[in-house]
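**Q** Before I ask anything, let me first share the structure, which is written out below as structure tokens.
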Amino acid sequence: MKLEPYKTLPTGAGNALSQAPVARFTLDEPLFAGKTFDVRLNACDNPCCHCEFLRLECQVVGAAMAPVVFEVNVMKERLDTKHYSEPNQVALGKAFCKEADVEDWRWLQNAFVSAKRKKMETMDLDNVEVDMPENIKQGRGTTVGYMEIFPWAKTFLFPRENEQWMVDDQYC
């Protein structure tokens, strides 16, 4: 299998990373051999969520049937069956994960992180759900790092005296 991304990764509103397909793949696994799928991707809406899950909605090209949906943990590069456990979902997810190579996983990881960062830019600050660590909730004078609140934010790096430094914003 080779995941073939379209030239640009469309960014959608709401929960959808893409309203239109962003990639296509053809599998070799016997159950799906020769079938080509268009793929739409979805990541959870909360930019503060530490989850690593990406939902793939796969539509057989040229078939008038409902998409098959499965979820992968993009950072651990494996299928997750917690939410999507129907036999066809699991079978397609297993075949996809088995055939995905390093480049495919990197592309999915980049798509996921890009979606989370886009959600940071467009979030409703009055309604964002931040799950602070328990010690932060209870303590006075305790600080929390920006990356603890927004785990998918870009790291702020800069050079200084021939060394690479990182800014670690802390909030109380």
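The chains in the structure tokens are called A, B, ... from first to last as shown; in each chain the residues are counted from 1, and the ligands are counted from 1 in the order shown.
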Would you list, as a list in words, the residues of segment 83-112 of chain A that end up in alpha helix (DSSP H) under DSSP run on this structure's backbone?
**A**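 For segment 83-112 of chain A, the alpha helix (DSSP H) set is Pro87, Asn88, Gln89, Val90, Ala91, Leu92, Gly93, Lys94, Ala95, Phe96, Cys97, Lys98, Glu99, Val102, Glu103, Asp104, Trp105, Arg106, Trp107, Leu108, Gln109, Asn110, Ala111 and Phe112 of chain A.
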**Q** Using the chain letters and numbers from this document, which residues of chain A does DSSP assign to strand (DSSP E), as a PyMOL selection string?
**A** chain A and resi 4-5+23-26+36-43+53-60+68-73+78-80+144-145+157-160+163-166+170-171
**Q** So which residues touch Pro21 of chain A within 8 Å, counting only C-alpha atoms, skipping near sequence neighbours fewer than 3 positions away, as a list in words?
**A**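 Counting only the stated atoms, we get Ser18, Arg24, Asp38, Val39, Arg40 and Leu41 of chain A.
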**Q** Keeping only N, CA, C and O atoms, write the selected residues to a file as a tab-separated table (two decimals), in the first residue's frame.
**A**
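The result, stored in result.tsv:
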chain	number	residue	atom	x	y	z
A	18	SER	N	-10.95	17.37	7.29
A	18	SER	CA	-11.23	17.50	5.86
A	18	SER	C	-12.67	17.11	5.58
A	18	SER	O	-13.14	16.09	6.05
A	24	ARG	N	-5.66	8.86	-0.89
A	24	ARG	CA	-6.26	7.61	-1.37
A	24	ARG	C	-5.21	6.52	-1.20
A	24	ARG	O	-4.02	6.79	-1.18
A	38	ASP	N	-10.77	6.38	-0.99
A	38	ASP	CA	-10.55	7.79	-0.69
A	38	ASP	C	-10.70	7.95	0.81
A	38	ASP	O	-11.53	7.29	1.44
A	39	VAL	N	-9.90	8.84	1.39
A	39	VAL	CA	-9.86	8.98	2.85
A	39	VAL	C	-10.13	10.41	3.28
A	39	VAL	O	-9.53	11.35	2.76
A	40	ARG	N	-11.01	10.57	4.26
A	40	ARG	CA	-11.21	11.83	4.97
A	40	ARG	C	-10.67	11.61	6.39
A	40	ARG	O	-10.81	10.52	6.94
A	41	LEU	N	-10.09	12.64	6.96
A	41	LEU	CA	-9.48	12.54	8.28
A	41	LEU	C	-10.21	13.44	9.27
A	41	LEU	O	-10.64	14.53	8.92
**Q** Please build the interface table for segment 35-112 of chain A against segment 152-164 of chain A with a cut-off of 12 Å, listing for each qualifying residue the nearest atom pair and the distance in Å to one decimal; count only C-alpha atoms, order rows by chain and increasing number, and write it as CSV.
**A**
residue,atom,partner,partner_atom,distance
A:Asn46,CA,A:Trp152,CA,10.8
A:Pro47,CA,A:Trp152,CA,7.5
A:Cys48,CA,A:Trp152,CA,7.9
A:Cys49,CA,A:Trp152,CA,8.8
A:His50,CA,A:Trp152,CA,8.0
A:Cys51,CA,A:Trp152,CA,10.0
A:Glu52,CA,A:Trp152,CA,9.9
A:Met75,CA,A:Trp152,CA,12.0
A:Gln109,CA,A:Trp152,CA,11.0
A:Asn110,CA,A:Trp152,CA,10.7
A:Ala111,CA,A:Trp152,CA,11.8
A:Phe112,CA,A:Trp152,CA,9.3
**Q** Counting only C-alpha atoms, which of A:Ser114, A:Gln89, A:Asn127, A:Thr142 gets nearest to Asn42 of chain A?
**A** A:Ser114
**Q** When distances are computed from only C-alpha atoms, which of A:Pro67, A:Gly145, A:Pro30, A:Gly62 shows the smallest separation from Glu99 of chain A?
**A** A:Pro30
**Q** Ala91 of chain A: which residues within 9 Å, counting only C-alpha atoms, same-chain residues fewer than 5 positions away excluded, as an MDAnalysis selection string?
**A** chainID A and resid 31 86 96
**Q** Taking only C-alpha atoms into account, which of A:Met65, A:Leu92, A:Leu56, A:Ile149 comes nearest Asp131 of chain A?
**A**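 Of A:Met65, A:Leu92, A:Leu56, A:Ile149, the one nearest Asp131 of chain A, counting only C-alpha atoms, is A:Ile149.
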**Q** Between atom CA of Tyr6 of chain A and atom CA of Ala100 of chain A, what is the distance in Å, rounded to a tenth?
**A**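 Between these atoms lies a distance of 16.7 Å.
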**Q** Which residue gives the smallest distance to Lys98 of chain A among A:Val61, A:Ala20, A:Leu27, A:Cys172, with only C-alpha atoms counted?
**A** A:Leu27
**Q** Counting only C-alpha atoms, which residue out of A:Glu103, A:Glu57, A:Glu4, A:Glu148 sits closest to Met132 of chain A?
**A** A:Glu148
**Q** Work out how far atom CA of Asp104 of chain A is from atom CA of Val68 of chain A, in Å to one decimal.
**A** 19.0 Å
